[in-house]
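Okay, target-v9.cif is below, mmCIF, C-alpha atoms:
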data_work
loop_
_atom_site.label_atom_id
_atom_site.label_comp_id
_atom_site.auth_asym_id
_atom_site.auth_seq_id
_atom_site.Cartn_x
_atom_site.Cartn_y
_atom_site.Cartn_z
CA MET A 1 58.42 89.11 154.44
CA SER A 2 56.73 91.49 152.05
CA GLU A 3 53.05 92.25 152.52
CA MET A 4 52.67 93.80 149.12
CA PRO A 5 50.43 92.09 146.55
CA VAL A 6 53.22 90.65 144.46
CA GLN A 7 51.17 87.75 143.09
CA PRO A 8 50.19 89.40 139.81
CA THR A 9 53.79 89.95 138.76
CA ASP A 10 55.30 87.05 140.67
CA GLU A 11 55.14 84.55 137.84
CA HIS A 12 56.64 86.99 135.41
CA ALA A 13 59.38 87.93 137.86
CA ARG A 14 60.27 84.29 138.37
CA LEU A 15 60.45 83.67 134.65
CA VAL A 16 62.86 86.51 134.07
CA ALA A 17 65.01 86.16 137.18
CA ASP A 18 68.10 84.59 135.62
CA VAL A 19 71.47 85.93 136.71
CA PHE A 20 73.03 84.46 133.58
CA ALA A 21 71.02 86.84 131.41
CA ARG A 22 72.97 90.03 131.04
CA ALA A 23 69.97 92.37 131.31
CA CYS A 24 68.36 90.65 134.29
CA THR A 25 67.94 92.83 137.38
CA SER A 26 68.68 89.79 139.55
CA ARG A 27 72.30 90.06 138.42
CA VAL A 28 72.44 93.59 139.84
CA THR A 29 70.95 92.40 143.13
CA LEU A 30 73.39 89.49 143.29
CA GLU A 31 76.22 91.97 142.83
CA HIS A 32 74.98 94.12 145.70
CA VAL A 33 75.09 91.06 147.94
CA THR A 34 78.32 89.51 146.68
CA GLY A 35 80.22 92.74 146.07
CA ARG A 36 83.40 93.25 148.06
CA TRP A 37 81.80 95.50 150.67
CA GLY A 38 78.26 94.15 150.47
CA THR A 39 79.37 90.69 151.58
CA LEU A 40 81.43 91.96 154.50
CA ALA A 41 78.80 94.49 155.66
CA MET A 42 76.00 91.92 155.64
CA VAL A 43 78.00 89.28 157.48
CA ALA A 44 79.14 91.89 160.03
CA LEU A 45 75.48 92.73 160.68
CA LEU A 46 74.74 89.07 161.46
CA ASP A 47 76.15 89.82 164.91
CA GLY A 48 73.45 92.44 165.43
CA THR A 49 72.60 96.11 164.88
CA LEU A 50 75.57 98.39 164.32
CA ARG A 51 76.09 102.12 164.00
CA PHE A 52 77.70 103.37 160.82
CA ASN A 53 81.13 103.96 162.33
CA ALA A 54 81.20 100.64 164.18
CA LEU A 55 80.31 98.89 160.93
CA ARG A 56 83.03 100.80 159.14
CA ARG A 57 85.63 99.71 161.69
CA ARG A 58 84.51 96.09 161.32
CA VAL A 59 84.69 96.18 157.52
CA SER A 60 88.33 97.18 157.58
CA GLY A 61 89.52 99.18 154.60
CA VAL A 62 86.20 100.51 153.31
CA SER A 63 85.87 104.25 152.69
CA GLU A 64 83.00 106.20 154.20
CA LYS A 65 81.58 106.86 150.75
CA MET A 66 81.78 103.24 149.60
CA LEU A 67 80.18 101.92 152.78
CA ALA A 68 77.36 104.47 152.52
CA GLN A 69 76.72 103.48 148.87
CA THR A 70 76.85 99.79 149.75
CA LEU A 71 74.36 100.16 152.59
CA GLN A 72 72.06 102.27 150.46
CA ALA A 73 71.92 99.62 147.75
CA LEU A 74 71.27 96.88 150.33
CA GLU A 75 68.58 99.01 152.00
CA ARG A 76 66.92 99.64 148.65
CA ASP A 77 66.89 95.88 147.94
CA GLY A 78 65.25 95.22 151.32
CA PHE A 79 68.20 93.38 152.92
CA VAL A 80 69.22 96.09 155.37
CA VAL A 81 67.21 98.53 157.51
CA ARG A 82 68.53 101.98 158.35
CA GLU A 83 67.09 103.56 161.46
CA ALA A 84 67.82 107.12 162.49
CA GLN A 85 67.09 107.84 166.16
CA PRO A 86 65.75 111.38 166.70
CA THR A 87 68.58 112.30 169.05
CA ILE A 88 71.13 115.11 168.91
CA PRO A 89 73.39 114.23 167.22
CA PRO A 90 71.24 111.71 165.29
CA LYS A 91 72.17 108.09 165.92
CA VAL A 92 71.98 106.03 162.74
CA GLU A 93 71.83 102.28 163.08
CA TYR A 94 71.86 99.48 160.56
CA SER A 95 70.46 95.98 160.87
CA LEU A 96 69.48 93.07 158.65
CA THR A 97 65.91 92.32 157.57
CA ALA A 98 64.72 88.70 157.75
CA SER A 99 65.61 88.37 154.08
CA GLY A 100 68.99 90.00 154.64
CA GLU A 101 69.71 87.57 157.43
CA GLN A 102 69.06 84.61 155.15
CA ALA A 103 71.36 86.05 152.50
CA ALA A 104 74.03 86.81 155.10
CA GLU A 105 73.88 83.22 156.40
CA LEU A 106 74.59 81.96 152.90
CA LEU A 107 77.45 84.44 152.54
CA LEU A 108 78.88 83.38 155.89
CA ARG A 109 79.01 79.76 154.74
CA LEU A 110 80.96 80.89 151.70
CA ILE A 111 83.34 82.96 153.82
CA ASP A 112 83.87 80.06 156.23
CA PHE A 113 84.58 77.79 153.28
CA VAL A 114 87.14 80.17 151.79
CA GLU A 115 88.83 80.85 155.13
CA GLU A 116 89.10 77.12 155.86
CA ARG A 117 90.49 76.47 152.41
CA MET A 118 93.22 79.10 152.53
CA PRO A 119 96.09 76.64 153.20
CA GLU A 120 95.09 74.69 150.06
CA VAL A 121 94.55 77.91 148.10
CA ARG A 122 98.02 79.16 149.03
CA ALA A 123 99.52 75.79 148.04
CA ALA A 124 97.65 75.96 144.71
CA ASN A 125 98.92 79.53 144.18
CA ALA A 126 102.50 78.41 144.76
CA ARG A 127 102.16 75.44 142.37
CA TYR A 128 100.61 77.62 139.68
CA ASP A 129 103.26 80.32 139.98
CA GLU A 130 106.03 77.74 139.90
CA ALA A 131 104.58 76.09 136.79
CA LYS A 132 104.42 79.50 135.12
CA GLY A 133 108.02 80.19 136.20
CA ARG A 134 107.07 83.17 138.38
CA MET B 135 92.17 67.72 147.95
CA SER B 136 95.75 68.89 148.26
CA GLU B 137 98.44 66.32 148.86
CA MET B 138 101.02 68.86 149.83
CA PRO B 139 102.33 68.87 153.40
CA VAL B 140 100.36 71.88 154.56
CA GLN B 141 100.30 70.89 158.24
CA PRO B 142 103.29 72.99 159.33
CA THR B 143 101.73 76.22 158.11
CA ASP B 144 98.11 75.16 158.53
CA GLU B 145 97.64 76.55 162.01
CA HIS B 146 99.21 79.84 161.07
CA ALA B 147 97.11 80.05 157.91
CA ARG B 148 93.96 79.45 159.92
CA LEU B 149 94.87 82.15 162.38
CA VAL B 150 95.35 84.75 159.70
CA ALA B 151 92.48 83.79 157.38
CA ASP B 152 90.03 86.58 158.24
CA VAL B 153 88.24 88.23 155.34
CA PHE B 154 87.46 91.19 157.59
CA ALA B 155 91.15 92.04 157.85
CA ARG B 156 92.03 94.30 154.97
CA ALA B 157 95.41 92.71 154.25
CA CYS B 158 94.26 89.10 154.45
CA THR B 159 94.76 87.07 151.28
CA SER B 160 91.47 85.26 151.99
CA ARG B 161 89.69 88.47 151.04
CA VAL B 162 91.31 88.33 147.61
CA THR B 163 90.28 84.69 147.18
CA LEU B 164 86.74 85.48 148.29
CA GLU B 165 86.63 88.21 145.65
CA HIS B 166 87.73 85.80 142.92
CA VAL B 167 84.85 83.54 143.86
CA THR B 168 82.19 86.19 144.46
CA GLY B 169 83.24 88.59 141.74
CA ARG B 170 80.69 89.27 139.02
CA TRP B 171 82.21 86.88 136.51
CA GLY B 172 83.77 84.44 138.97
CA THR B 173 80.38 83.56 140.43
CA LEU B 174 78.74 83.02 137.06
CA ALA B 175 81.64 81.07 135.57
CA MET B 176 81.85 78.70 138.53
CA VAL B 177 78.13 78.03 138.65
CA ALA B 178 78.08 77.50 134.87
CA LEU B 179 80.81 74.86 135.28
CA LEU B 180 78.65 72.97 137.80
CA ASP B 181 76.88 71.54 134.76
CA GLY B 182 80.16 70.03 133.56
CA THR B 183 83.29 70.73 131.53
CA LEU B 184 83.00 73.56 129.03
CA ARG B 185 85.17 74.99 126.31
CA PHE B 186 86.10 78.65 126.59
CA ASN B 187 83.63 79.87 123.98
CA ALA B 188 80.75 77.80 125.34
CA LEU B 189 81.45 79.20 128.80
CA ARG B 190 81.56 82.70 127.37
CA ARG B 191 78.16 82.25 125.73
CA ARG B 192 76.71 80.97 129.02
CA VAL B 193 78.09 83.90 131.04
CA SER B 194 76.30 86.41 128.87
CA GLY B 195 77.93 89.83 128.65
CA VAL B 196 81.49 88.93 129.66
CA SER B 197 84.35 90.03 127.42
CA GLU B 198 86.92 87.51 126.23
CA LYS B 199 89.61 89.27 128.24
CA MET B 200 87.60 89.43 131.47
CA LEU B 201 86.60 85.76 131.25
CA ALA B 202 90.21 84.73 130.60
CA GLN B 203 91.39 86.75 133.62
CA THR B 204 88.60 85.36 135.79
CA LEU B 205 89.40 81.75 134.86
CA GLN B 206 93.10 82.31 135.39
CA ALA B 207 92.52 83.60 138.93
CA LEU B 208 90.21 80.67 139.71
CA GLU B 209 92.72 78.20 138.24
CA ARG B 210 95.52 79.73 140.30
CA ASP B 211 93.39 79.37 143.46
CA GLY B 212 92.76 75.69 142.67
CA PHE B 213 89.02 76.00 141.97
CA VAL B 214 89.15 75.49 138.22
CA VAL B 215 91.23 73.21 136.01
CA ARG B 216 92.25 74.23 132.50
CA GLU B 217 93.03 71.40 130.11
CA ALA B 218 94.44 71.95 126.66
CA GLN B 219 94.00 68.97 124.33
CA PRO B 220 96.95 68.54 121.92
CA THR B 221 94.74 68.85 118.85
CA ILE B 222 94.92 71.24 115.91
CA PRO B 223 93.48 73.72 116.67
CA PRO B 224 94.05 73.16 120.42
CA LYS B 225 90.86 72.45 122.36
CA VAL B 226 90.88 74.19 125.73
CA GLU B 227 88.44 72.96 128.33
CA TYR B 228 87.59 74.17 131.81
CA SER B 229 86.15 72.24 134.72
CA LEU B 230 85.78 72.56 138.47
CA THR B 231 88.07 70.87 140.99
CA ALA B 232 86.47 69.17 144.00
CA SER B 233 87.09 72.34 145.98
CA GLY B 234 85.66 74.48 143.18
CA GLU B 235 82.55 72.34 143.10
CA GLN B 236 81.95 72.91 146.80
CA ALA B 237 82.37 76.66 146.37
CA ALA B 238 80.09 76.63 143.31
CA GLU B 239 77.38 74.77 145.26
CA LEU B 240 77.43 77.50 147.90
CA LEU B 241 77.28 80.16 145.20
CA LEU B 242 74.37 78.39 143.53
CA ARG B 243 72.39 78.50 146.77
CA LEU B 244 72.99 82.23 146.93
CA ILE B 245 71.92 82.68 143.31
CA ASP B 246 68.79 80.59 143.86
CA PHE B 247 67.98 82.67 146.92
CA VAL B 248 68.39 85.97 145.04
CA GLU B 249 66.42 84.76 142.01
CA GLU B 250 63.56 83.55 144.23
CA ARG B 251 63.54 86.82 146.12
CA MET B 252 63.36 89.09 143.08
CA PRO B 253 59.63 89.87 143.42
CA GLU B 254 60.24 91.09 146.99
CA VAL B 255 63.41 92.91 145.96
CA ARG B 256 61.54 94.74 143.19
CA ALA B 257 58.78 95.66 145.63
CA ALA B 258 61.39 96.94 148.10
CA ASN B 259 63.06 98.95 145.31
CA ALA B 260 59.72 100.56 144.43
CA ARG B 261 58.96 101.41 148.09
CA TYR B 262 62.41 102.89 148.59
CA ASP B 263 62.27 104.99 145.45
CA GLU B 264 58.78 106.23 146.31
CA ALA B 265 59.88 107.19 149.83
CA LYS B 266 62.81 109.11 148.35
CA GLY B 267 60.47 110.78 145.87
CA ARG B 268 62.14 109.30 142.81
#
Structure rendered as structure tokens:
Amino acid sequence: MSEMPVQPTDEHARLVADVFARACTSRVTLEHVTGRWGTLAMVALLDGTLRFNALRRRVSGVSEKMLAQTLQALERDGFVVREAQPTIPPKVEYSLTASGEQAAELLLRLIDFVEERMPEVRAANARYDEAKGR
Amino acid sequence: MSEMPVQPTDEHARLVADVFARACTSRVTLEHVTGRWGTLAMVALLDGTLRFNALRRRVSGVSEKMLAQTLQALERDGFVVREAQPTIPPKVEYSLTASGEQAAELLLRLIDFVEERMPEVRAANARYDEAKGR
């Protein structure tokens, strides 16, 4: 995706990219993608380009400020593109980059898995609470 | 995995399991799995059963309290099993359930993706910051 000459630092970057290491920047990036709003925003954008307010309606419950921060972090990481049309009023649209699409596909699989598993999860919750006498 | 008679409520559960709906319990479960420590703990357990302190060393940076809370939520959801051996002092071990293993595999793919992408992410970060004059 990137056309920048990353080769010189590539080997180094690979060596240090370990989300288990507390100081690794990859952990921060993982959190942008897996964060509560990051996950939902990216998967919502799998359906195509969306304007800010449409995205906010889709990601039910997110505040304007939190969604803006989430999108900014994802844009900075190269997963989301923000395009402002020079209209009056300006029309701001968000879409996934190729890299963002790949990440979103992986997130969607996780969401599908969790949604499918909810009957078992609820049963496990009930068993756990009963065992703890709640 | 579950042997409980979930059929009667299964259809209903499927209908309501939508992480995009703010009140859906599946969103809470997704957050247990994708949360900062949930992700790392589950992927760490892919390598096998671990005692609490070994897990804490692996998930560098987590506090004792946060890891305990994280594991409790994952145990309650049926993704992690906690086994206390009746020894003195008691030996407490954690492992993944079959369902937890499936979730952890999906998380691992996401982690691998992010780690592989870090050179591009760092390049995107630099471009973004330069464009913003930072």
Quiz item: Pick the closest to chain B from A:Asn53, A:Gln69, A:Thr87, A:Ser60: which is it, counting all atoms listed in the file?
Solution: A:Ser60
Quiz item: Closest to chain B among A:Ala131, A:Val114, A:Leu74, A:Leu55, using all atoms listed in the file?
Solution: A:Val114
Practice problem: Would you kindly translate the PyMOL selection byres ((chain B and resi 223-229) around 12) into the concrete residues it picks from this file, as a PyMOL selection string? | Solution: chain B and resi 175-190+201-202+204-206+208-209+212-222+230-235+238
Exercise. Spell out the residues picked by the PyMOL selection byres ((chain A) within 7 of (chain B)) here, as a ChimeraX atom specification.
Key: /A:2,6,10,13-14,17-18,20-22,26,30-31,34-36,40,58-61,76-78,103,106,110-111,114-116,118-121,124-125,128
Output file for the residues above (C-alpha atoms, as a PDB file, in the coordinates of the input):
ATOM      1  CA  SER A   2      56.730  91.490 152.050  1.00  0.00           C
ATOM      2  CA  VAL A   6      53.220  90.650 144.460  1.00  0.00           C
ATOM      3  CA  ASP A  10      55.300  87.050 140.670  1.00  0.00           C
ATOM      4  CA  ALA A  13      59.380  87.930 137.860  1.00  0.00           C
ATOM      5  CA  ARG A  14      60.270  84.290 138.370  1.00  0.00           C
ATOM      6  CA  ALA A  17      65.010  86.160 137.180  1.00  0.00           C
ATOM      7  CA  ASP A  18      68.100  84.590 135.620  1.00  0.00           C
ATOM      8  CA  PHE A  20      73.030  84.460 133.580  1.00  0.00           C
ATOM      9  CA  ALA A  21      71.020  86.840 131.410  1.00  0.00           C
ATOM     10  CA  ARG A  22      72.970  90.030 131.040  1.00  0.00           C
ATOM     11  CA  SER A  26      68.680  89.790 139.550  1.00  0.00           C
ATOM     12  CA  LEU A  30      73.390  89.490 143.290  1.00  0.00           C
ATOM     13  CA  GLU A  31      76.220  91.970 142.830  1.00  0.00           C
ATOM     14  CA  THR A  34      78.320  89.510 146.680  1.00  0.00           C
ATOM     15  CA  GLY A  35      80.220  92.740 146.070  1.00  0.00           C
ATOM     16  CA  ARG A  36      83.400  93.250 148.060  1.00  0.00           C
ATOM     17  CA  LEU A  40      81.430  91.960 154.500  1.00  0.00           C
ATOM     18  CA  ARG A  58      84.510  96.090 161.320  1.00  0.00           C
ATOM     19  CA  VAL A  59      84.690  96.180 157.520  1.00  0.00           C
ATOM     20  CA  SER A  60      88.330  97.180 157.580  1.00  0.00           C
ATOM     21  CA  GLY A  61      89.520  99.180 154.600  1.00  0.00           C
ATOM     22  CA  ARG A  76      66.920  99.640 148.650  1.00  0.00           C
ATOM     23  CA  ASP A  77      66.890  95.880 147.940  1.00  0.00           C
ATOM     24  CA  GLY A  78      65.250  95.220 151.320  1.00  0.00           C
ATOM     25  CA  ALA A 103      71.360  86.050 152.500  1.00  0.00           C
ATOM     26  CA  LEU A 106      74.590  81.960 152.900  1.00  0.00           C
ATOM     27  CA  LEU A 110      80.960  80.890 151.700  1.00  0.00           C
ATOM     28  CA  ILE A 111      83.340  82.960 153.820  1.00  0.00           C
ATOM     29  CA  VAL A 114      87.140  80.170 151.790  1.00  0.00           C
ATOM     30  CA  GLU A 115      88.830  80.850 155.130  1.00  0.00           C
ATOM     31  CA  GLU A 116      89.100  77.120 155.860  1.00  0.00           C
ATOM     32  CA  MET A 118      93.220  79.100 152.530  1.00  0.00           C
ATOM     33  CA  PRO A 119      96.090  76.640 153.200  1.00  0.00           C
ATOM     34  CA  GLU A 120      95.090  74.690 150.060  1.00  0.00           C
ATOM     35  CA  VAL A 121      94.550  77.910 148.100  1.00  0.00           C
ATOM     36  CA  ALA A 124      97.650  75.960 144.710  1.00  0.00           C
ATOM     37  CA  ASN A 125      98.920  79.530 144.180  1.00  0.00           C
ATOM     38  CA  TYR A 128     100.610  77.620 139.680  1.00  0.00           C
TER      39      TYR A 128
END
Quiz item: What is the CA of Glu198 (chain B) to CA of Gly38 (chain A) distance in Å?
Solution: 26.6 Å
